[in-house]
Amino acid sequence: MSKLVKELEQILGREHIIRTPSALNSHSADKSCLEPRRVPMCICKPRTVEEVKKTVEFCDKHKIPLVPSSSGVHFYGRTIPADGGIIVDLSEMNRIVKFDDRNKNATIEAGVTFSQFESLKEKGLLPLFPLCVPERKSVLTSYLEREPLLVPKLEYYEPILTMEVVLPTGEILRTGSAAVKPSKFAEYVVPFGPGLNWNQIFQGAQGTLGIVTSATVKIEHLPKLDKLYFLSSNSLEELVDPLYEIQRYLLGYECLVLNDLDLATILADRKSEIEVLRHKLARWILIVCLSGGVKLPEEKLKQEEEDFLEILRGFSVEPSTRLEGLEEKVLLMLRQSCKGEYWKQMWKGDFQDIFFVTTLDKTPHHFEVVEKISSELGYPMDEVGCYIQPLVRGGACHMEFTFFYDSNNDKQLKKIKKTYEKLVECLFDGGAFFSRPYGSFLSKITYQRNLAYARILKEIKEVFDPNNIMNPGKLCF
């Protein structure tokens, strides 16, 4: 293998290849406690699409596994090289190529982080954010992995318009209207066609079908005025009907539900504040941000506020504009990435997420299942965070449970693994849809119970990647 690495150095230049033990070790694992470590043979850091193409062609020729990576942080085992090989680190491809405020889109490379992308706010533009995403996370990685956005309106559900992909054979594919005139890639923004909507083929594929090097994505204008409302309750079920109504009338911009532990952990400045803060909060908080845009912001906000208060009159939960003096922090939570230490690591150092797609009316039942199983296995439910994000105007939602633990404690680590596996099976049987089956255990269950889906996915993988070099081992059949 060392001979092949030297050959790749000659093709790309020695400055693009990293083989130091510390660097290799850092890419052998991530924050997931469920996947085994595996050290790559080297790390390749291309700076151009042509260098990515040469790397892929080399690996395809010699049948060397490669794993694309863009973010500075990883949590779910997606970039652990299950079969060894080469990590293709795209972090130095980090240009914001172009932004178009009038048509609300921007073209970015794969290595652009949320911290970088936030610079658009200085120009009155707003990136589309997942909840408190780490500042070092790649924007494209997040969008490709379908992380839920805080804006539940249908038009923001698919934030990618066009993309540029290096296929496992080394060919370059541009999707949507970018395929028609690739020399003007940055100017094209229509995602559909020619032919199939190829964008969706590469979303959620964990880098198994190609390496996305750049994309044109949606952005918004930064609202001129904002007004937060909070609906607090000790019962999740009590918030479901108001949430359906809010989404039915398309009111608000950002909209989400958090339990007291998640919200306290996000808003606390230090670990010692978490317990104090959470005891001031109700068990569940529905957050809605009403906003006035660029044109007639006062009039729009006033009208939306009147409609919002009117539809909530028939419910027992009273809306409030106050939340223990935390309103400014909440607005920052909605409009920026997580600075410094990632909030999920602050309380106990480590965490394990379980997330899936369901409908809002089923969320109380899923919560009861998690509460029951966790209690049976000795995991206290008051140490479990919960986040519910409405999607597509409330027609569905993302539900996420976060189990906080100390990975240096072997007893806790074993309990987390056992709890995770039991819960995944029970939630799956209860109708939870795992649209992002990360990790060998979850992907195995997902594909075993969807044999036709697994067969077709395998056939597509063979068409795109006949030598099975692109992140092998991530799709379990």
# chains A, B, ... in the order shown; residues from 1 in each chain; ligands from 1
>>> residues_around(residues="A:Gly378", least_positions_apart="4", cutoff="9 Å", atoms="only C-alpha atoms", output="list in words")
Ile373, Ser374, Lys415 and Thr419 of chain A
>>> closest_atom_pairs(of="stretch 319-382 of chain A", to="stretch 139-157 of chain A", cutoff="10 Å", atoms="only C-alpha atoms", output="CSV")
residue,atom,partner,partner_atom,distance
A:Leu334,CA,A:Leu150,CA,7.2
A:Arg335,CA,A:Leu150,CA,9.2
A:Val357,CA,A:Pro148,CA,9.9
>>> residues_around(residues="A:Ser70", least_positions_apart="2", cutoff="6 Å", atoms="only C-alpha atoms", output="mmCIF file with C-alpha atoms, in the first residue's frame")
data_model
loop_
_atom_site.group_PDB
_atom_site.id
_atom_site.type_symbol
_atom_site.label_atom_id
_atom_site.label_comp_id
_atom_site.auth_asym_id
_atom_site.auth_seq_id
_atom_site.Cartn_x
_atom_site.Cartn_y
_atom_site.Cartn_z
ATOM 1 C CA ASP A 89 -10.743 15.475 2.972
ATOM 2 C CA LEU A 90 -12.514 18.320 1.128
ATOM 3 C CA SER A 91 -12.070 20.910 3.880
ATOM 4 C CA GLY A 111 -15.641 22.487 2.624
ATOM 5 C CA SER A 138 -19.794 21.407 6.337
#
>>> closest_residue(among="A:Tyr342, A:Arg313, A:Val166, A:Lys98", to="A:His74", atoms="only C-alpha atoms")
A:Tyr342
>>> residues_around(residues="A:Leu263", least_positions_apart="3", cutoff="9 Å", atoms="only C-alpha atoms", output="number ranges by chain")
A: 258-260, 266-268, 277-278, 281, 285, 330, 385, 387
>>> residues_around(residues="A:Lys61", least_positions_apart="5", cutoff="9 Å", atoms="only C-alpha atoms", output="list in words")
Val56, Thr169 and Asn467 of chain A
>>> residues_around(residues="A:Ile18", least_positions_apart="4", cutoff="7 Å", atoms="only C-alpha atoms", output="NGL selection string")
:A and (42-44)
>>> write_last_selection(atoms="N, CA and C atoms", output="short mmCIF file (atom, residue, chain, number, x, y, z; two decimals), in the first residue's frame")
data_model
loop_
_atom_site.label_atom_id
_atom_site.label_comp_id
_atom_site.auth_asym_id
_atom_site.auth_seq_id
_atom_site.Cartn_x
_atom_site.Cartn_y
_atom_site.Cartn_z
N CYS A 42 -4.13 6.66 4.25
CA CYS A 42 -3.65 8.04 4.17
C CYS A 42 -4.84 8.98 4.04
N ILE A 43 -4.55 10.27 4.10
CA ILE A 43 -5.57 11.30 3.93
C ILE A 43 -5.17 12.17 2.75
N CYS A 44 -6.08 12.33 1.83
CA CYS A 44 -5.83 13.15 0.64
C CYS A 44 -6.62 14.45 0.79
#
>>> select_by_dssp(residues="stretch 122-300 of chain A", states="strand (DSSP E)", output="MDAnalysis selection string")
chainID A and resid 125:126 160:166 172:174 211:218 220:221 225:233 255:259 284:292
>>> write_last_selection(atoms="N, CA and C atoms", output="tab-separated table (two decimals), in the first residue's frame")
chain	number	residue	atom	x	y	z
A	125	LEU	N	-28.32	38.52	4.36
A	125	LEU	CA	-28.79	37.22	3.91
A	125	LEU	C	-28.67	36.20	5.03
A	126	LEU	N	-29.51	35.18	4.98
A	126	LEU	CA	-29.57	34.21	6.07
A	126	LEU	C	-29.45	32.79	5.53
A	160	ILE	N	-30.95	22.10	-1.51
A	160	ILE	CA	-29.98	22.03	-2.62
A	160	ILE	C	-30.70	22.21	-3.94
A	161	LEU	N	-30.19	23.12	-4.77
A	161	LEU	CA	-30.76	23.38	-6.08
A	161	LEU	C	-30.05	22.59	-7.17
A	162	THR	N	-28.75	22.78	-7.30
A	162	THR	CA	-27.96	21.98	-8.24
A	162	THR	C	-26.67	21.57	-7.55
A	163	MET	N	-26.03	20.54	-8.07
A	163	MET	CA	-24.77	20.10	-7.47
A	163	MET	C	-23.81	19.59	-8.53
A	164	GLU	N	-22.55	19.53	-8.14
A	164	GLU	CA	-21.49	18.98	-8.98
A	164	GLU	C	-20.92	17.77	-8.24
A	165	VAL	N	-20.91	16.62	-8.91
A	165	VAL	CA	-20.53	15.36	-8.28
A	165	VAL	C	-19.45	14.67	-9.09
A	166	VAL	N	-18.40	14.22	-8.41
A	166	VAL	CA	-17.41	13.35	-9.05
A	166	VAL	C	-17.86	11.92	-8.77
A	172	ILE	N	-17.51	13.55	-14.09
A	172	ILE	CA	-18.14	14.65	-13.37
A	172	ILE	C	-19.58	14.81	-13.84
A	173	LEU	N	-20.50	14.76	-12.89
A	173	LEU	CA	-21.93	14.92	-13.18
A	173	LEU	C	-22.41	16.22	-12.55
A	174	ARG	N	-23.10	17.03	-13.30
A	174	ARG	CA	-23.75	18.22	-12.75
A	174	ARG	C	-25.25	18.03	-12.88
A	211	ILE	N	-18.78	11.94	-4.90
A	211	ILE	CA	-18.26	13.00	-4.04
A	211	ILE	C	-18.82	14.33	-4.53
A	212	VAL	N	-19.68	14.95	-3.74
A	212	VAL	CA	-20.24	16.25	-4.10
A	212	VAL	C	-19.19	17.31	-3.77
A	213	THR	N	-18.75	18.03	-4.79
A	213	THR	CA	-17.68	19.02	-4.61
A	213	THR	C	-18.21	20.44	-4.45
A	214	SER	N	-19.38	20.72	-5.01
A	214	SER	CA	-19.98	22.05	-4.84
A	214	SER	C	-21.46	21.96	-5.15
A	215	ALA	N	-22.20	22.99	-4.74
A	215	ALA	CA	-23.64	23.00	-4.98
A	215	ALA	C	-24.17	24.42	-4.90
A	216	THR	N	-25.28	24.65	-5.57
A	216	THR	CA	-26.03	25.89	-5.41
A	216	THR	C	-27.16	25.61	-4.43
A	217	VAL	N	-27.24	26.40	-3.36
A	217	VAL	CA	-28.20	26.13	-2.29
A	217	VAL	C	-29.08	27.36	-2.04
A	218	LYS	N	-30.20	27.12	-1.41
A	218	LYS	CA	-31.13	28.20	-1.10
A	218	LYS	C	-30.64	29.00	0.10
A	220	GLU	N	-31.97	32.82	2.42
A	220	GLU	CA	-33.11	33.71	2.63
A	220	GLU	C	-32.61	35.11	2.96
A	221	HIS	N	-33.52	36.08	2.91
A	221	HIS	CA	-33.20	37.41	3.40
A	221	HIS	C	-33.32	37.41	4.93
A	225	LEU	N	-37.55	42.28	11.37
A	225	LEU	CA	-38.16	42.26	12.69
A	225	LEU	C	-38.49	40.82	13.08
A	226	ASP	N	-38.35	40.52	14.37
A	226	ASP	CA	-38.68	39.19	14.87
A	226	ASP	C	-39.44	39.32	16.19
A	227	LYS	N	-40.33	38.39	16.44
A	227	LYS	CA	-41.00	38.33	17.73
A	227	LYS	C	-41.20	36.87	18.11
A	228	LEU	N	-40.63	36.49	19.24
A	228	LEU	CA	-40.70	35.11	19.71
A	228	LEU	C	-41.93	34.88	20.56
A	229	TYR	N	-42.53	33.70	20.38
A	229	TYR	CA	-43.61	33.25	21.26
A	229	TYR	C	-43.26	31.85	21.78
A	230	PHE	N	-43.66	31.61	23.02
A	230	PHE	CA	-43.39	30.34	23.66
A	230	PHE	C	-44.69	29.74	24.20
A	231	LEU	N	-44.88	28.46	23.93
A	231	LEU	CA	-45.99	27.72	24.53
A	231	LEU	C	-45.37	26.65	25.41
A	232	SER	N	-45.56	26.75	26.70
A	232	SER	CA	-44.93	25.84	27.65
A	232	SER	C	-45.96	24.91	28.28
A	233	SER	N	-45.56	23.65	28.44
A	233	SER	CA	-46.47	22.67	29.03
A	233	SER	C	-45.67	21.52	29.62
A	255	CYS	N	-39.79	27.21	13.80
A	255	CYS	CA	-40.79	26.60	14.68
A	255	CYS	C	-40.27	25.24	15.12
A	256	LEU	N	-40.27	24.96	16.43
A	256	LEU	CA	-39.73	23.70	16.94
A	256	LEU	C	-40.21	23.46	18.37
A	257	VAL	N	-40.02	22.23	18.83
A	257	VAL	CA	-40.33	21.85	20.21
A	257	VAL	C	-39.08	21.24	20.83
A	258	LEU	N	-38.75	21.66	22.06
A	258	LEU	CA	-37.63	21.09	22.80
A	258	LEU	C	-38.10	20.71	24.20
A	259	ASN	N	-37.51	19.66	24.76
A	259	ASN	CA	-37.79	19.42	26.18
A	259	ASN	C	-36.84	20.26	27.02
A	284	TRP	N	-41.84	20.84	28.46
A	284	TRP	CA	-41.84	20.99	27.00
A	284	TRP	C	-42.06	22.44	26.63
A	285	ILE	N	-41.33	22.92	25.61
A	285	ILE	CA	-41.45	24.30	25.14
A	285	ILE	C	-41.58	24.31	23.62
A	286	LEU	N	-42.68	24.86	23.14
A	286	LEU	CA	-42.88	25.08	21.71
A	286	LEU	C	-42.45	26.51	21.40
A	287	ILE	N	-41.48	26.64	20.49
A	287	ILE	CA	-40.92	27.95	20.14
A	287	ILE	C	-41.36	28.32	18.73
A	288	VAL	N	-41.92	29.51	18.58
A	288	VAL	CA	-42.33	30.02	17.27
A	288	VAL	C	-41.75	31.42	17.12
A	289	CYS	N	-41.09	31.67	15.98
A	289	CYS	CA	-40.55	32.99	15.70
A	289	CYS	C	-41.33	33.62	14.56
A	290	LEU	N	-42.10	34.66	14.88
A	290	LEU	CA	-42.81	35.44	13.86
A	290	LEU	C	-41.85	36.50	13.33
A	291	SER	N	-41.86	36.71	12.02
A	291	SER	CA	-40.87	37.61	11.43
A	291	SER	C	-41.47	38.52	10.38
A	292	GLY	N	-40.87	39.71	10.27
A	292	GLY	CA	-41.20	40.65	9.20
A	292	GLY	C	-40.02	40.77	8.27
>>> select_by_dssp(residues="stretch 20-84 of chain A", states="alpha helix (DSSP H)", output="VMD selection string")
chain A and resid 21 to 26 49 to 62
>>> write_last_selection(atoms="N, CA and C atoms", output="PDB file, in the first residue's frame")
ATOM      1  N   PRO A  21       0.826   9.673  12.018  1.00  0.00           N
ATOM      2  CA  PRO A  21       0.002   8.811  12.882  1.00  0.00           C
ATOM      3  C   PRO A  21      -1.146   9.545  13.575  1.00  0.00           C
ATOM      4  N   SER A  22      -0.894  10.779  14.022  1.00  0.00           N
ATOM      5  CA  SER A  22      -1.945  11.522  14.724  1.00  0.00           C
ATOM      6  C   SER A  22      -3.127  11.828  13.812  1.00  0.00           C
ATOM      7  N   ALA A  23      -2.822  12.216  12.557  1.00  0.00           N
ATOM      8  CA  ALA A  23      -3.886  12.526  11.600  1.00  0.00           C
ATOM      9  C   ALA A  23      -4.675  11.270  11.233  1.00  0.00           C
ATOM     10  N   LEU A  24      -3.973  10.172  10.991  1.00  0.00           N
ATOM     11  CA  LEU A  24      -4.646   8.921  10.645  1.00  0.00           C
ATOM     12  C   LEU A  24      -5.519   8.438  11.798  1.00  0.00           C
ATOM     13  N   ASN A  25      -5.009   8.578  13.002  1.00  0.00           N
ATOM     14  CA  ASN A  25      -5.766   8.138  14.169  1.00  0.00           C
ATOM     15  C   ASN A  25      -7.026   8.976  14.366  1.00  0.00           C
ATOM     16  N   SER A  26      -6.932  10.277  14.069  1.00  0.00           N
ATOM     17  CA  SER A  26      -8.084  11.159  14.249  1.00  0.00           C
ATOM     18  C   SER A  26      -9.222  10.821  13.285  1.00  0.00           C
ATOM     19  N   VAL A  49     -11.600  20.511  -8.164  1.00  0.00           N
ATOM     20  CA  VAL A  49     -12.390  19.399  -8.682  1.00  0.00           C
ATOM     21  C   VAL A  49     -11.500  18.459  -9.491  1.00  0.00           C
ATOM     22  N   GLU A  50     -10.560  19.019 -10.221  1.00  0.00           N
ATOM     23  CA  GLU A  50      -9.669  18.186 -11.032  1.00  0.00           C
ATOM     24  C   GLU A  50      -8.830  17.263 -10.152  1.00  0.00           C
ATOM     25  N   GLU A  51      -8.395  17.753  -9.004  1.00  0.00           N
ATOM     26  CA  GLU A  51      -7.625  16.905  -8.084  1.00  0.00           C
ATOM     27  C   GLU A  51      -8.495  15.816  -7.465  1.00  0.00           C
ATOM     28  N   VAL A  52      -9.759  16.123  -7.193  1.00  0.00           N
ATOM     29  CA  VAL A  52     -10.683  15.095  -6.725  1.00  0.00           C
ATOM     30  C   VAL A  52     -10.854  14.029  -7.800  1.00  0.00           C
ATOM     31  N   LYS A  53     -11.033  14.473  -9.020  1.00  0.00           N
ATOM     32  CA  LYS A  53     -11.204  13.555 -10.157  1.00  0.00           C
ATOM     33  C   LYS A  53     -10.001  12.617 -10.298  1.00  0.00           C
ATOM     34  N   LYS A  54      -8.798  13.165 -10.213  1.00  0.00           N
ATOM     35  CA  LYS A  54      -7.589  12.342 -10.335  1.00  0.00           C
ATOM     36  C   LYS A  54      -7.502  11.322  -9.191  1.00  0.00           C
ATOM     37  N   THR A  55      -7.868  11.748  -8.002  1.00  0.00           N
ATOM     38  CA  THR A  55      -7.839  10.844  -6.845  1.00  0.00           C
ATOM     39  C   THR A  55      -8.809   9.690  -7.030  1.00  0.00           C
ATOM     40  N   VAL A  56     -10.033  10.007  -7.461  1.00  0.00           N
ATOM     41  CA  VAL A  56     -11.049   8.977  -7.654  1.00  0.00           C
ATOM     42  C   VAL A  56     -10.640   8.020  -8.767  1.00  0.00           C
ATOM     43  N   GLU A  57     -10.124   8.543  -9.862  1.00  0.00           N
ATOM     44  CA  GLU A  57      -9.684   7.681 -10.967  1.00  0.00           C
ATOM     45  C   GLU A  57      -8.572   6.736 -10.517  1.00  0.00           C
ATOM     46  N   PHE A  58      -7.654   7.254  -9.708  1.00  0.00           N
ATOM     47  CA  PHE A  58      -6.554   6.431  -9.188  1.00  0.00           C
ATOM     48  C   PHE A  58      -7.106   5.304  -8.311  1.00  0.00           C
ATOM     49  N   CYS A  59      -8.020   5.643  -7.413  1.00  0.00           N
ATOM     50  CA  CYS A  59      -8.588   4.642  -6.513  1.00  0.00           C
ATOM     51  C   CYS A  59      -9.423   3.614  -7.270  1.00  0.00           C
ATOM     52  N   ASP A  60     -10.134   4.062  -8.286  1.00  0.00           N
ATOM     53  CA  ASP A  60     -10.945   3.139  -9.084  1.00  0.00           C
ATOM     54  C   ASP A  60     -10.052   2.162  -9.849  1.00  0.00           C
ATOM     55  N   LYS A  61      -8.963   2.679 -10.366  1.00  0.00           N
ATOM     56  CA  LYS A  61      -8.017   1.841 -11.126  1.00  0.00           C
ATOM     57  C   LYS A  61      -7.406   0.767 -10.234  1.00  0.00           C
ATOM     58  N   HIS A  62      -7.035   1.127  -9.014  1.00  0.00           N
ATOM     59  CA  HIS A  62      -6.352   0.188  -8.115  1.00  0.00           C
ATOM     60  C   HIS A  62      -7.298  -0.455  -7.102  1.00  0.00           C
TER      61      HIS A  62
END
>>> residues_around(residues="A:Gly430", least_positions_apart="6", cutoff="12 Å", atoms="only C-alpha atoms", output="PyMOL selection string")
chain A and resi 356-358+362-363+365-370+423-424
>>> closest_residue(among="A:Gln203, A:Asn94, A:Gln247, A:Thr402", to="A:Pro159", atoms="only C-alpha atoms")
A:Gln203
>>> atom_distance(atom1="atom CA of A:Pro168", atom2="atom CA of A:Phe117")
28.3 Å
>>> atom_distance(atom1="atom CA of A:His398", atom2="atom CA of A:Trp198")
23.7 Å
>>> closest_residue(among="A:Glu237, A:Glu135, A:Glu310, A:Glu35", to="A:Ala82", atoms="only C-alpha atoms")
A:Glu35
